[in-house]
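In what follows, a single structure is set out as structure tokens and then discussed.
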Amino acid sequence: MKIQGTKGLLLALVTVLMVSLLSACGGKDASPKGNNGTNSSNNGEVATTKDEITELSLFIDASWYPVNEWKGPIAEKITEKTGVKLKVTVAADDKQLPLMISSGDLPDLIFTYSQVTRLSDSKLSYPWNELIEQYAPNFVIDDTRKAIHTMEDGNFYTVRNSFATQEEMAEHKYAIGSDGNPGIAVREDILAELGNPSLNSVEDFVNVLGMVKEKYPDMVPLTMDKDWMEQYFIQQFGVEALLDGWYERDGKIDYAIKQPEMLEFFKFMNLLYRNGYILAENFAYTNDQIDDEYAVGGKAFAHSHTVSVADSDNAKIKNNGADYSFKMLPSALSKDAKIVSSGLGFAGTFITKNNKNPEASIKFIEFLASDEGKKLTMFGIEGEHWTWNEEGYPNLNYDPSDADFVNGNGIKWWYLYNDGVTEGLQGYVPGTQKTQALLERKAITIYKPEIGLIQTEPDSEERTIKTKIDEMIKNEKVKIYLASSEEEAIANYENMLKTAEQIGLQKLVDWANETYQKKKDLFESIS
């Protein structure tokens with residue numbers, strides 16, 4: 001009995017010791033970790049285990065978005081680094097988010113470009129500056145981006161992606177931008193048949209279109225994508241903004257349609273129509289594939305779209321078994337060519353007041369904002385998808401224009417925080433016509449982000465006036481383009497200006513100048 005009692009006592013002691021050891025081990029993992037159960041580290045990166053993953057809901061306010069599920073190697077790597085995975089919902093249309101805001105039914109995170117001003121509100125979103133101070137003190141955002149996004153209450157609620165300053169772009173030779181820039185491509189074989197006439201000016205281009213129309217009467221000299229009709233030409237005349245934008249002269253702001261060079265642009269577009277170089281029906285296209293069919297099908301000489309138009313058309317032509325090809329016109333086809341970038345970036349991520357884990361959310365964004373996070377998001381996994389070229393750009397192991405590969409691997413589209421430099425580097429692919437066109441554009445681009453700070457508030461009188469003017473311009477511009485004479489085109493342009501004034505253009509311009517000065521002062525005081 002004594003021996004058995006000793007065995008029982010020993011067994012009890014062993015059990016107690018094992019429980020104590022297990023408790024001690026558990027105690028190490030039970031140290032303070034914040035709301036998401038993860039240990040903070042630099043750049044938002046966190047130490048995680050499978051059981052510690054935090055799921056956050058994300059609403060993407062873009063019905064066209066090509067990815068709608070948190071999957072693939074990039075998403076998995078981001079989760080590994082941050083301990084966060086996303087439950088993604090993509091908008092059905094542009095009305096869904098405004099309805100969600102009105103009802104208060106918001107997810108943890110919102111990624112939007114159209115509702116930035118509306119969501120920059122302490123009733124709807126957490127201020128980033130407060131979350132950074134509390135949870136991510138090493139998360140540094142530069143003064144320029146703070147100035148751009150700081151609201152009247154002194155807080156900033158997001159930082160848009162796709163933005164870079166003039167200095168940042170100058171420092172990075174190979175940061176050249178993206179496909180979202182205008183370009184025109186022309187048929188190389190037809191140029192050769194015409195004797196390779198000069199194409200070094202707008203006048204040269206018009207002359208070549210005339211030669212094409214005469215020698216190939218069944219061909220459309222110029223076909224234009226419905227969303228890219230004006231951008232290339234408007235910049236050749238030195239116009240500093242699109243039709244619905246602002247420009248600055250001598251410290252004063254005015255609406256783009258009043259810029260003196262704008263009339264020359266309108267007269268030029270009317271000339272193209274009157275000479276039969278563009279089709280009237282082109283201005284009524286609702287399908288953005290019609291122009292592609294003309295170009296790829298051999299029925300058009302020139303194709304106006306984006307800087308990737310030649311590369312894209314040539315790939316389709318090759319797949320069709322045809323043997324002709326397109327080449328890009330120079331990005332600067334005029335000595336007056338000017339590009340003014342007043343953009344503040346594309347879209348921003350908001351941490352809503354419904355967010356169940358603000359700490360995990362701001363640390364998640366902190367990682368995406370780090371050098372590692374930006375490159376992972378935009379290029380892919382280093383060593384697998386890309387390697388760094390000592391010249392200063394990534395050698396990509398894939399074609400960035402291969403949408404199936406890019407989207408399938410989750411490359412680029414999780415850029416909930418990124419910048420114009422990193423995004424611009426992804427566009428640098430030596431030897432492509434797109435890259436050459438973007439390099440040419442970069443050489444003539446100047447940056448004025450302070451103009452982009454002139455934004456009408458939702459439900460304001462200024463927003464109502466601007467909306468009415470822009471809708472009027474959309475309708476009236478076609479009357480200028482399709483006028484039967486230059487005199488009629490000029491009269492239609494002057495009538496458009498008169499109508500804009502009747503709607504309230506001067507009141508809008510006065511407001512814009514007052515806003516510009518205040519925003520500019522804030523911008524300069526911070527930066």
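Labels used: A, B, ... for chains in the order of the structure tokens, numbers from 1 for residues in each chain, and numbers from 1 for ligands as shown.
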Worksheet item: What lies within 12 Å of Thr387 in chain A using only C-alpha atoms, ignoring chain neighbours under 5 positions off, as a list in words?
Response: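 Surrounding residues, per the criterion: Lys375, Leu376, Phe379, Gly380, Ile381, Glu382, Gly392, Tyr393, Pro394, Asn395, Leu396, Asn397 and Tyr398 of chain A.
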Discussion item. Write out as an MDAnalysis selection string the set of residues from range 290-377 of chain A that DSSP, computed on the backbone, places in strand (DSSP E).
Written reply: chainID A and resid 300:306 326:328 339:341 348:351
Discussion item. Applying 12 Å and only C-alpha atoms, which residues near Phe111 in chain A remain after dropping the ones on its own chain fewer than 6 positions away? List them as a ChimeraX atom specification.
Written reply: /A:57-63,65,88-91,97,119,157-161,346-352,365,413-417
Residues from last step as file, C-alpha atoms, as a CSV table (one decimal), in the first residue's frame:
```
chain,number,residue,atom,x,y,z
A,57,SER,CA,-14.8,43.1,-44.6
A,58,LEU,CA,-13.8,45.3,-47.6
A,59,PHE,CA,-16.2,47.0,-50.0
A,60,ILE,CA,-14.6,48.0,-53.4
A,61,ASP,CA,-16.6,50.9,-54.9
A,62,ALA,CA,-15.9,50.0,-58.5
A,63,SER,CA,-18.2,47.7,-60.4
A,65,TYR,CA,-13.0,45.8,-60.6
A,88,VAL,CA,-14.4,41.3,-50.4
A,89,THR,CA,-17.5,42.7,-51.9
A,90,VAL,CA,-17.4,44.6,-55.3
A,91,ALA,CA,-20.0,47.2,-56.0
A,97,LEU,CA,-22.1,52.9,-51.7
A,119,LEU,CA,-16.3,59.5,-46.3
A,157,TYR,CA,-9.1,59.9,-43.3
A,158,THR,CA,-7.3,58.3,-46.2
A,159,VAL,CA,-4.4,58.6,-48.6
A,160,ARG,CA,-5.1,57.9,-52.2
A,161,ASN,CA,-2.9,55.6,-54.2
A,346,PHE,CA,-6.9,57.5,-57.7
A,347,ALA,CA,-8.7,55.9,-54.8
A,348,GLY,CA,-8.3,55.7,-51.0
A,349,THR,CA,-9.1,53.2,-48.2
A,350,PHE,CA,-11.3,54.2,-45.3
A,351,ILE,CA,-11.5,52.6,-41.9
A,352,THR,CA,-15.2,53.0,-41.0
A,365,ILE,CA,-2.4,49.7,-44.2
A,413,TRP,CA,-5.3,45.2,-57.5
A,414,TRP,CA,-4.7,45.1,-53.8
A,415,TYR,CA,-3.1,48.5,-53.9
A,416,LEU,CA,-5.3,49.8,-51.1
A,417,TYR,CA,-2.3,52.0,-50.4
```
Worksheet item: What is the CA of Lys442 in chain A to CA of Gly410 in chain A distance in Å?
Response: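 That distance, rounded to one decimal, is 27.8 Å.
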Discussion item. DSSP on the backbone, helix (DSSP H, G or I) only: what residues of range 67-306 of chain A does that give? Format it as a count of residues only.
Written reply: 98
Practice prompt. To one decimal in Å, tell me the separation between CA of Ala489 in chain A and CA of Val239 in chain A.
Written response: 18.1 Å
Worksheet item: Which of these, A:Met262, A:Met219, A:Ile190, A:Ala256, has the shortest distance to Asp244 in chain A once you count only C-alpha atoms?
Response: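 Going through A:Met262, A:Met219, A:Ile190, A:Ala256 one by one, the smallest distance to Asp244 in chain A is for A:Ala256.
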Discussion item. Between CA of Ala403 in chain A and CA of Asp371 in chain A, what distance in Å does the model show, to one decimal?
Written reply: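 Between CA of Ala403 in chain A and CA of Asp371 in chain A the gap works out to 24.2 Å.
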